[in-house]
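Chemist: My structure file input_17.pdb, PDB, C-alpha atoms, pLDDT in the B column, is below:
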```pdb
ATOM      1  CA  MET A   2     119.734 119.484 291.232  1.00 84.00           C
ATOM      2  CA  GLN A   3     120.898 118.366 294.625  1.00 88.00           C
ATOM      3  CA  VAL A   4     120.527 119.830 298.108  1.00 94.00           C
ATOM      4  CA  HIS A   5     123.709 119.272 300.110  1.00 94.00           C
ATOM      5  CA  ARG A   6     122.558 118.610 303.646  1.00 94.00           C
ATOM      6  CA  GLN A   7     124.818 119.187 306.663  1.00 92.00           C
ATOM      7  CA  HIS A   8     124.444 115.526 307.619  1.00 90.00           C
ATOM      8  CA  GLY A   9     123.909 112.650 305.223  1.00 87.00           C
ATOM      9  CA  ALA A  10     124.019 112.324 301.456  1.00 91.00           C
ATOM     10  CA  ALA A  11     122.785 115.011 299.087  1.00 91.00           C
ATOM     11  CA  LEU A  12     119.034 114.994 298.436  1.00 91.00           C
ATOM     12  CA  GLY A  13     117.769 115.432 294.872  1.00 87.00           C
ATOM     13  CA  GLY A  14     115.255 118.018 293.783  1.00 88.00           C
ATOM     14  CA  THR A  15     114.088 120.263 290.953  1.00 85.00           C
ATOM     15  CA  VAL A  16     114.051 124.043 290.658  1.00 87.00           C
ATOM     16  CA  VAL A  17     110.588 125.204 289.559  1.00 88.00           C
ATOM     17  CA  THR A  18     108.880 128.571 289.295  1.00 88.00           C
ATOM     18  CA  THR A  19     105.852 129.536 291.347  1.00 88.00           C
ATOM     19  CA  ARG A  20     103.881 129.821 288.067  1.00 87.00           C
ATOM     20  CA  GLN A  21     105.342 127.027 285.995  1.00 81.00           C
ATOM     21  CA  SER A  22     102.567 126.337 283.496  1.00 81.00           C
ATOM     22  CA  LEU A  23     101.117 128.564 280.779  1.00 80.00           C
ATOM     23  CA  HIS A  24      98.080 126.264 280.812  1.00 81.00           C
ATOM     24  CA  VAL A  25      97.274 127.345 284.364  1.00 84.00           C
ATOM     25  CA  TRP A  26      98.756 130.832 284.682  1.00 85.00           C
ATOM     26  CA  GLY A  27      98.513 132.140 281.085  1.00 84.00           C
ATOM     27  CA  ASN A  28     100.589 135.260 280.437  1.00 85.00           C
ATOM     28  CA  LYS A  29     101.422 135.537 284.146  1.00 87.00           C
ATOM     29  CA  ALA A  30     103.727 132.527 283.624  1.00 85.00           C
ATOM     30  CA  ARG A  31     105.221 133.947 280.435  1.00 84.00           C
ATOM     31  CA  GLU A  32     105.932 137.325 282.053  1.00 88.00           C
ATOM     32  CA  LEU A  33     107.231 135.912 285.347  1.00 88.00           C
ATOM     33  CA  LEU A  34     110.652 137.242 286.247  1.00 87.00           C
ATOM     34  CA  ARG A  35     112.930 134.539 287.622  1.00 87.00           C
ATOM     35  CA  GLY A  36     114.350 135.428 291.021  1.00 87.00           C
ATOM     36  CA  ALA A  37     114.559 134.390 294.652  1.00 86.00           C
ATOM     37  CA  GLY A  38     110.871 135.168 295.191  1.00 88.00           C
ATOM     38  CA  THR A  39     109.602 133.147 292.217  1.00 90.00           C
ATOM     39  CA  LEU A  40     111.889 130.083 292.222  1.00 90.00           C
ATOM     40  CA  LYS A  41     111.352 127.132 294.544  1.00 89.00           C
ATOM     41  CA  VAL A  42     113.116 123.827 295.163  1.00 89.00           C
ATOM     42  CA  ARG A  43     110.837 120.786 294.851  1.00 89.00           C
ATOM     43  CA  LEU A  44     112.549 117.952 296.745  1.00 92.00           C
ATOM     44  CA  ASP A  45     112.599 114.343 295.561  1.00 90.00           C
ATOM     45  CA  ALA A  46     110.747 113.404 298.724  1.00 91.00           C
ATOM     46  CA  LEU A  47     107.142 113.333 299.826  1.00 89.00           C
ATOM     47  CA  THR A  48     106.895 116.095 302.414  1.00 90.00           C
ATOM     48  CA  TYR A  49     103.934 118.344 303.075  1.00 90.00           C
ATOM     49  CA  SER A  50     105.206 120.646 305.822  1.00 92.00           C
ATOM     50  CA  ALA A  51     108.310 122.479 307.019  1.00 93.00           C
ATOM     51  CA  GLU A  52     108.554 120.011 309.905  1.00 95.00           C
ATOM     52  CA  GLN A  53     108.594 116.977 307.574  1.00 95.00           C
ATOM     53  CA  THR A  54     111.213 118.654 305.363  1.00 94.00           C
ATOM     54  CA  ARG A  55     113.438 119.500 308.326  1.00 95.00           C
ATOM     55  CA  ALA A  56     113.117 115.885 309.535  1.00 95.00           C
ATOM     56  CA  LEU A  57     114.963 114.941 306.315  1.00 94.00           C
ATOM     57  CA  GLY A  58     117.877 117.141 307.411  1.00 95.00           C
ATOM     58  CA  VAL A  59     117.100 119.972 304.957  1.00 95.00           C
ATOM     59  CA  GLU A  60     117.699 123.401 306.454  1.00 93.00           C
ATOM     60  CA  VAL A  61     117.808 127.025 305.373  1.00 91.00           C
ATOM     61  CA  GLY A  62     121.235 127.781 303.928  1.00 90.00           C
ATOM     62  CA  ASP A  63     121.961 124.299 302.529  1.00 93.00           C
ATOM     63  CA  PHE A  64     123.899 124.583 299.281  1.00 92.00           C
ATOM     64  CA  VAL A  65     122.319 123.511 295.984  1.00 91.00           C
ATOM     65  CA  SER A  66     124.077 122.192 292.847  1.00 88.00           C
ATOM     66  CA  PHE A  67     122.611 121.395 289.431  1.00 84.00           C
ATOM     67  CA  THR A  68     122.546 118.180 287.379  1.00 74.00           C
ATOM     68  CA  SER A  69     120.885 117.673 283.978  1.00 69.00           C
ATOM     69  CA  ALA A  70     120.818 113.938 283.166  1.00 73.00           C
ATOM     70  CA  ALA A  71     117.506 112.031 283.245  1.00 78.00           C
ATOM     71  CA  ARG A  72     117.265 109.664 286.175  1.00 81.00           C
ATOM     72  CA  LEU A  73     115.003 107.630 288.433  1.00 86.00           C
ATOM     73  CA  THR A  74     115.125 108.970 291.986  1.00 82.00           C
ATOM     74  CA  PRO A  75     115.173 106.785 295.120  1.00 84.00           C
ATOM     75  CA  SER A  76     111.639 108.027 295.929  1.00 82.00           C
ATOM     76  CA  GLY A  77     110.371 106.690 292.577  1.00 84.00           C
ATOM     77  CA  HIS A  78     110.220 109.960 290.601  1.00 80.00           C
ATOM     78  CA  ILE A  79     111.532 110.241 287.048  1.00 82.00           C
ATOM     79  CA  LYS A  80     113.347 113.487 286.307  1.00 79.00           C
ATOM     80  CA  GLY A  81     114.778 114.947 283.111  1.00 78.00           C
ATOM     81  CA  ARG A  82     114.570 117.752 280.581  1.00 73.00           C
ATOM     82  CA  HIS A  83     111.607 117.646 278.143  1.00 74.00           C
ATOM     83  CA  LEU A  84     110.250 114.695 280.074  1.00 79.00           C
ATOM     84  CA  ASP A  85     106.640 115.237 278.980  1.00 77.00           C
ATOM     85  CA  ASN A  86     107.362 114.233 275.364  1.00 78.00           C
ATOM     86  CA  LYS A  87     109.751 111.423 276.327  1.00 81.00           C
ATOM     87  CA  ALA A  88     107.226 109.979 278.782  1.00 83.00           C
ATOM     88  CA  ALA A  89     104.452 110.147 276.161  1.00 85.00           C
ATOM     89  CA  VAL A  90     106.577 108.117 273.733  1.00 88.00           C
ATOM     90  CA  ALA A  91     107.204 105.549 276.492  1.00 89.00           C
ATOM     91  CA  VAL A  92     103.426 105.327 277.065  1.00 89.00           C
ATOM     92  CA  PHE A  93     102.875 104.835 273.311  1.00 92.00           C
ATOM     93  CA  LEU A  94     105.435 102.016 273.210  1.00 95.00           C
ATOM     94  CA  GLY A  95     103.747 100.275 276.145  1.00 94.00           C
ATOM     95  CA  VAL A  96     100.305 100.645 274.569  1.00 94.00           C
ATOM     96  CA  THR A  97     101.646  99.394 271.211  1.00 95.00           C
ATOM     97  CA  ARG A  98     102.948  96.240 272.907  1.00 96.00           C
ATOM     98  CA  GLU A  99      99.469  95.605 274.343  1.00 94.00           C
ATOM     99  CA  LEU A 100      97.753  96.335 271.013  1.00 95.00           C
ATOM    100  CA  LEU A 101     100.002  93.790 269.283  1.00 95.00           C
ATOM    101  CA  ARG A 102      98.879  91.165 271.816  1.00 96.00           C
ATOM    102  CA  ARG A 103      95.196  92.070 271.492  1.00 94.00           C
ATOM    103  CA  PRO A 104      94.485  93.953 268.238  1.00 94.00           C
ATOM    104  CA  PRO A 105      91.740  96.581 268.655  1.00 93.00           C
ATOM    105  CA  ALA A 106      88.513  96.628 266.639  1.00 93.00           C
ATOM    106  CA  VAL A 107      89.286 100.149 265.394  1.00 92.00           C
ATOM    107  CA  ARG A 108      92.330 101.781 263.829  1.00 92.00           C
ATOM    108  CA  VAL A 109      94.684 103.401 266.359  1.00 93.00           C
ATOM    109  CA  SER A 110      97.264 105.994 265.270  1.00 91.00           C
ATOM    110  CA  PHE A 111     100.016 107.542 267.368  1.00 89.00           C
ATOM    111  CA  VAL A 112     101.130 111.030 266.375  1.00 84.00           C
ATOM    112  CA  ILE A 113     104.402 112.114 267.921  1.00 81.00           C
ATOM    113  CA  THR A 114     104.979 115.812 267.413  1.00 76.00           C
ATOM    114  CA  VAL A 115     106.780 118.748 268.927  1.00 69.00           C
ATOM    115  CA  HIS A 116     104.388 121.236 267.333  1.00 68.00           C
ATOM    116  CA  GLU A 117     102.802 122.148 270.678  1.00 65.00           C
ATOM    117  CA  GLU A 118     106.150 123.517 271.817  1.00 62.00           C
ATOM    118  CA  VAL A 119     106.049 126.163 269.072  1.00 62.00           C
ATOM    119  CA  GLY A 120     102.376 127.124 269.413  1.00 59.00           C
ATOM    120  CA  HIS A 121     100.558 124.790 267.001  1.00 62.00           C
ATOM    121  CA  GLY A 122      99.087 122.551 269.702  1.00 59.00           C
ATOM    122  CA  ALA A 123      97.964 119.104 268.616  1.00 61.00           C
ATOM    123  CA  ALA A 124      96.375 120.354 265.385  1.00 67.00           C
ATOM    124  CA  SER A 125      98.915 119.076 262.875  1.00 70.00           C
ATOM    125  CA  ASP A 126      99.493 115.619 261.431  1.00 78.00           C
ATOM    126  CA  ILE A 127      96.207 114.151 262.686  1.00 82.00           C
ATOM    127  CA  PRO A 128      94.907 111.511 260.232  1.00 86.00           C
ATOM    128  CA  ALA A 129      91.738 112.648 258.434  1.00 87.00           C
ATOM    129  CA  THR A 130      89.903 109.509 259.599  1.00 89.00           C
ATOM    130  CA  THR A 131      90.373 110.362 263.286  1.00 89.00           C
ATOM    131  CA  SER A 132      87.122 110.326 265.277  1.00 90.00           C
ATOM    132  CA  GLU A 133      88.600 110.637 268.787  1.00 91.00           C
ATOM    133  CA  LEU A 134      91.865 112.095 270.040  1.00 88.00           C
ATOM    134  CA  ILE A 135      93.655 111.608 273.341  1.00 89.00           C
ATOM    135  CA  ALA A 136      96.566 113.978 273.984  1.00 86.00           C
ATOM    136  CA  VAL A 137      99.228 112.524 276.283  1.00 86.00           C
ATOM    137  CA  ASP A 138     101.232 115.163 278.143  1.00 81.00           C
ATOM    138  CA  MET A 139     102.195 116.220 281.630  1.00 78.00           C
ATOM    139  CA  ALA A 140      99.591 117.629 283.977  1.00 80.00           C
ATOM    140  CA  ALA A 141      99.627 121.353 284.670  1.00 78.00           C
ATOM    141  CA  VAL A 142     100.015 121.818 288.426  1.00 82.00           C
ATOM    142  CA  GLY A 143      99.470 125.094 290.271  1.00 80.00           C
ATOM    143  CA  GLY A 144      97.015 127.520 291.733  1.00 77.00           C
ATOM    144  CA  ASP A 145      93.611 125.961 292.333  1.00 83.00           C
ATOM    145  CA  GLN A 146      94.317 122.949 290.099  1.00 86.00           C
ATOM    146  CA  THR A 147      93.503 119.421 291.285  1.00 89.00           C
ATOM    147  CA  SER A 148      96.388 117.974 289.231  1.00 86.00           C
ATOM    148  CA  SER A 149      99.199 116.268 291.105  1.00 84.00           C
ATOM    149  CA  GLU A 150     102.727 115.157 290.268  1.00 80.00           C
ATOM    150  CA  HIS A 151     101.844 111.841 291.936  1.00 83.00           C
ATOM    151  CA  HIS A 152      98.697 110.892 289.988  1.00 87.00           C
ATOM    152  CA  VAL A 153      97.286 110.533 286.503  1.00 90.00           C
ATOM    153  CA  THR A 154      95.307 113.636 285.529  1.00 91.00           C
ATOM    154  CA  LEU A 155      92.439 113.900 283.056  1.00 94.00           C
ATOM    155  CA  CYS A 156      91.824 117.410 281.715  1.00 91.00           C
ATOM    156  CA  VAL A 157      88.129 117.692 280.799  1.00 93.00           C
ATOM    157  CA  LYS A 158      87.990 121.384 279.802  1.00 92.00           C
ATOM    158  CA  ASP A 159      90.161 124.395 279.093  1.00 89.00           C
ATOM    159  CA  SER A 160      89.532 127.980 277.989  1.00 87.00           C
ATOM    160  CA  SER A 161      88.500 126.756 274.521  1.00 87.00           C
ATOM    161  CA  GLY A 162      85.595 124.793 276.027  1.00 89.00           C
ATOM    162  CA  PRO A 163      84.779 121.300 277.303  1.00 92.00           C
ATOM    163  CA  TYR A 164      86.345 118.198 275.795  1.00 92.00           C
ATOM    164  CA  ASP A 165      84.431 115.111 274.582  1.00 93.00           C
ATOM    165  CA  HIS A 166      82.254 114.153 277.560  1.00 95.00           C
ATOM    166  CA  ALA A 167      81.623 110.552 276.459  1.00 96.00           C
ATOM    167  CA  LEU A 168      85.335 109.893 275.869  1.00 95.00           C
ATOM    168  CA  GLY A 169      86.184 111.480 279.220  1.00 95.00           C
ATOM    169  CA  ASN A 170      83.673 109.223 280.961  1.00 97.00           C
ATOM    170  CA  ARG A 171      85.169 106.144 279.264  1.00 96.00           C
ATOM    171  CA  LEU A 172      88.650 107.206 280.404  1.00 96.00           C
ATOM    172  CA  ARG A 173      87.359 107.698 283.958  1.00 96.00           C
ATOM    173  CA  ALA A 174      85.822 104.214 283.910  1.00 97.00           C
ATOM    174  CA  ALA A 175      89.047 102.690 282.526  1.00 95.00           C
ATOM    175  CA  ALA A 176      91.083 104.369 285.301  1.00 95.00           C
ATOM    176  CA  SER A 177      88.662 103.030 287.900  1.00 96.00           C
ATOM    177  CA  ARG A 178      88.915  99.482 286.501  1.00 96.00           C
ATOM    178  CA  ALA A 179      92.725  99.745 286.587  1.00 94.00           C
ATOM    179  CA  GLY A 180      92.695 100.992 290.183  1.00 95.00           C
ATOM    180  CA  LEU A 181      94.200 104.381 289.297  1.00 92.00           C
ATOM    181  CA  GLU A 182      93.422 107.369 291.493  1.00 92.00           C
ATOM    182  CA  LEU A 183      92.545 109.761 288.663  1.00 94.00           C
ATOM    183  CA  LYS A 184      92.598 113.524 289.188  1.00 94.00           C
ATOM    184  CA  ILE A 185      90.052 115.442 287.085  1.00 94.00           C
ATOM    185  CA  ASP A 186      91.064 118.983 286.178  1.00 93.00           C
ATOM    186  CA  ILE A 187      90.084 122.066 284.187  1.00 90.00           C
ATOM    187  CA  TYR A 188      92.771 124.384 282.831  1.00 86.00           C
ATOM    188  CA  PRO A 189      91.806 128.074 282.998  1.00 84.00           C
ATOM    189  CA  SER A 190      94.072 128.826 280.027  1.00 81.00           C
ATOM    190  CA  SER A 191      94.733 126.621 277.000  1.00 77.00           C
ATOM    191  CA  SER A 192      96.061 123.081 276.771  1.00 76.00           C
ATOM    192  CA  ASP A 193      98.113 121.378 274.078  1.00 71.00           C
ATOM    193  CA  ALA A 194      94.948 119.639 272.853  1.00 74.00           C
ATOM    194  CA  SER A 195      92.954 122.867 272.368  1.00 76.00           C
ATOM    195  CA  ALA A 196      93.878 123.349 268.726  1.00 73.00           C
ATOM    196  CA  ALA A 197      92.810 119.804 267.872  1.00 73.00           C
TER
END
```
In C-alpha cells, write the structure found in this file.

Modeler:
Amino acid sequence: MQVHRQHGAALGGTVVTTRQSLHVWGNKARELLRGAGTLKVRLDALTYSAEQTRALGVEVGDFVSFTSAARLTPSGHIKGRHLDNKAAVAVFLGVTRELLRRPPAVRVSFVITVHEEVGHGAASDIPATTSELIAVDMAAVGGDQTSSEHHVTLCVKDSSGPYDHALGNRLRAAASRAGLELKIDIYPSSSDASAA
C-alpha cells in the first residue's frame, strides 16, 4: 500500500492488524474484527514516534492506496504476500549453496511445506532419521514479545513447552559469531514448530 503525502512522493507501507499473529494472541487474533480501531498502517520507514512520522510528511487524512506485488522498498524492507514461506525458500537456497562449497559432516534435509497454513504445523514429511529440526518462518511480533521486524528472532519456547536447549544455545553462538543481533522470544500460544 502507499500513503499519498501532501508534499513529495507516495510513501510505502503495509496494513496490519493490532493482533496479527495467532502465535502471540491465540484466539484473540482469530476472532478480531477488522475495522478502523484494529487496523494500522506500518510505514516503510524507521520511525518510533508521531513526531518522526510527521517529519516524513505523513499527516492525518492522507489517502492510502493498495498494491500487491512483492518488492524491495527504499528503506531495505522486502514486502509481499505469503512472504514467510518465500523467504524461507530463499534462505534454504543460500544455505544449499554454502553446503555445496563445504559439505557438512551430517545429512541435512530441507522440507518445504505449506502444512502449517492448514493446521498441521511442521509435523509432516520429516525424514525418520531426523535428530534436530530448525523451523524457518517469520517472527511473531506483538504484545510483550521481544521479536522485531528488523532482527533475526529465535523462538526458544511456546505453549507446548521449551525447545531443544542445546540446539538453541548453538544457534545463539552462531548468531554471535556472525555478528547478528539475535532476539530471543517465547510465544505464549503455539508456533509452527510445535507439532514437530

Chemist: For this file, the PyMOL selection byres ((chain A and resi 160-164) around 12) selects which residues, as a PyMOL selection string?

Modeler: chain A and resi 23-27+133-136+155-159+165-170+186-197

Chemist: So that I can see what lies close to region 57-60 of chain A, please list as a PyMOL selection string the residues with an atom at most 8 Å from it, counting all atoms listed in the file and leaving out residues fewer than 5 positions away in the same chain.

Modeler: chain A and resi 4+6-9

Chemist: Restricted to C-alpha atoms, what would the selected residues look like written as a PDB file, in the frame of the given file?

Modeler:
```
ATOM      1  CA  VAL A   4     120.527 119.830 298.108  1.00 94.00           C
ATOM      2  CA  ARG A   6     122.558 118.610 303.646  1.00 94.00           C
ATOM      3  CA  GLN A   7     124.818 119.187 306.663  1.00 92.00           C
ATOM      4  CA  HIS A   8     124.444 115.526 307.619  1.00 90.00           C
ATOM      5  CA  GLY A   9     123.909 112.650 305.223  1.00 87.00           C
TER       6      GLY A   9
END
```

Chemist: Set the distance at 6 Å and use only C-alpha atoms: which residues neighbour region 11-18 of chain A once local chain neighbours fewer than 6 positions away are removed? I'd like the list as a ChimeraX atom specification.

Modeler: /A:2-5,39-45

Chemist: Take the residues just selected and output them with C-alpha atoms as a PDB file, keeping the file's coordinate frame.

Modeler:
```
ATOM      1  CA  MET A   2     119.734 119.484 291.232  1.00 84.00           C
ATOM      2  CA  GLN A   3     120.898 118.366 294.625  1.00 88.00           C
ATOM      3  CA  VAL A   4     120.527 119.830 298.108  1.00 94.00           C
ATOM      4  CA  HIS A   5     123.709 119.272 300.110  1.00 94.00           C
ATOM      5  CA  THR A  39     109.602 133.147 292.217  1.00 90.00           C
ATOM      6  CA  LEU A  40     111.889 130.083 292.222  1.00 90.00           C
ATOM      7  CA  LYS A  41     111.352 127.132 294.544  1.00 89.00           C
ATOM      8  CA  VAL A  42     113.116 123.827 295.163  1.00 89.00           C
ATOM      9  CA  ARG A  43     110.837 120.786 294.851  1.00 89.00           C
ATOM     10  CA  LEU A  44     112.549 117.952 296.745  1.00 92.00           C
ATOM     11  CA  ASP A  45     112.599 114.343 295.561  1.00 90.00           C
TER      12      ASP A  45
END
```

Chemist: CA of Arg35 (chain A) and CA of Phe67 (chain A) are how many Å apart?

Modeler: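 For CA of Arg35 (chain A) relative to CA of Phe67 (chain A), the distance reads 16.4 Å.
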
Chemist: Do you know which residues are at most 10 Å from Gly81 (chain A) counting only C-alpha atoms, after dropping those on the same chain fewer than 4 positions away, and could you put them as a list in words?

Modeler: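 After dropping sequence-adjacent residues, the list is Thr15, Thr68, Ser69, Ala70, Ala71, Arg72, Leu73, Asp85 and Lys87 of chain A.
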
Chemist: In Å, with one decimal, what is the gap from CA of Leu94 (chain A) to CA of Asp138 (chain A)?

Modeler: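 Separation of CA of Leu94 (chain A) and CA of Asp138 (chain A): 14.7 Å.
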
Chemist: Do a neighbour search on Thr131 (chain A) at 9 Å with all atoms listed in the file, toss out local chain neighbours closer than 4 positions, and write the hits as a ChimeraX atom specification.

Modeler: /A:108-110,127

Chemist: For the selection just defined, write its residues with C-alpha atoms to a file, as a short mmCIF file (atom, residue, chain, number, x, y, z; two decimals), keeping the file's coordinate frame.

Modeler:
```
data_model
loop_
_atom_site.label_atom_id
_atom_site.label_comp_id
_atom_site.auth_asym_id
_atom_site.auth_seq_id
_atom_site.Cartn_x
_atom_site.Cartn_y
_atom_site.Cartn_z
CA ARG A 108 92.33 101.78 263.83
CA VAL A 109 94.68 103.40 266.36
CA SER A 110 97.26 105.99 265.27
CA ILE A 127 96.21 114.15 262.69
#
```

Chemist: Would you compute the distance between CA of Glu150 (chain A) and CA of Leu47 (chain A)? Give it in Å to one decimal.

Modeler: 10.7 Å

Chemist: Please give the centre and size of the box around region 25-28 of chain A (axis-aligned, containing every atom listed in the file, 6 Å added per side), with values in Å to one decimal and written as lines of an AutoDock Vina configuration file.

Modeler:
```
center_x = 98.9
center_y = 131.3
center_z = 282.6
size_x = 15.3
size_y = 19.9
size_z = 16.2
```

Chemist: Which residues come within 12 Å of Lys184 (chain A), counting all atoms listed in the file, excluding same-chain residues fewer than 6 positions away, as a list in words?

Modeler: Ala140, Ala141, Val142, Gln146, Thr147, Ser148, Ser149, Glu150, His151, His152, Val153, Thr154, Leu155, Cys156, Val157, Leu172, Arg173, Ala176 and Ser177 of chain A

Chemist: For C-alpha atoms, I'd like the residues from the last selection saved as an mmCIF file, keeping the file's coordinate frame.

Modeler:
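Okay, this is what ended up in selection_22.cif:
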```cif
data_model
loop_
_atom_site.group_PDB
_atom_site.id
_atom_site.type_symbol
_atom_site.label_atom_id
_atom_site.label_comp_id
_atom_site.auth_asym_id
_atom_site.auth_seq_id
_atom_site.Cartn_x
_atom_site.Cartn_y
_atom_site.Cartn_z
ATOM 1 C CA ALA A 140 99.591 117.629 283.977
ATOM 2 C CA ALA A 141 99.627 121.353 284.670
ATOM 3 C CA VAL A 142 100.015 121.818 288.426
ATOM 4 C CA GLN A 146 94.317 122.949 290.099
ATOM 5 C CA THR A 147 93.503 119.421 291.285
ATOM 6 C CA SER A 148 96.388 117.974 289.231
ATOM 7 C CA SER A 149 99.199 116.268 291.105
ATOM 8 C CA GLU A 150 102.727 115.157 290.268
ATOM 9 C CA HIS A 151 101.844 111.841 291.936
ATOM 10 C CA HIS A 152 98.697 110.892 289.988
ATOM 11 C CA VAL A 153 97.286 110.533 286.503
ATOM 12 C CA THR A 154 95.307 113.636 285.529
ATOM 13 C CA LEU A 155 92.439 113.900 283.056
ATOM 14 C CA CYS A 156 91.824 117.410 281.715
ATOM 15 C CA VAL A 157 88.129 117.692 280.799
ATOM 16 C CA LEU A 172 88.650 107.206 280.404
ATOM 17 C CA ARG A 173 87.359 107.698 283.958
ATOM 18 C CA ALA A 176 91.083 104.369 285.301
ATOM 19 C CA SER A 177 88.662 103.030 287.900
#
```

Chemist: Using all atoms listed in the file, which of A:Ala46, A:Ala175, A:Ala106, A:Val137 sits nearest Val90 (chain A)?

Modeler: A:Val137

Chemist: Using all atoms listed in the file, which residue out of A:Arg20, A:Leu181, A:Leu33, A:Ala10 lies closest to Asp145 (chain A)?

Modeler: A:Arg20
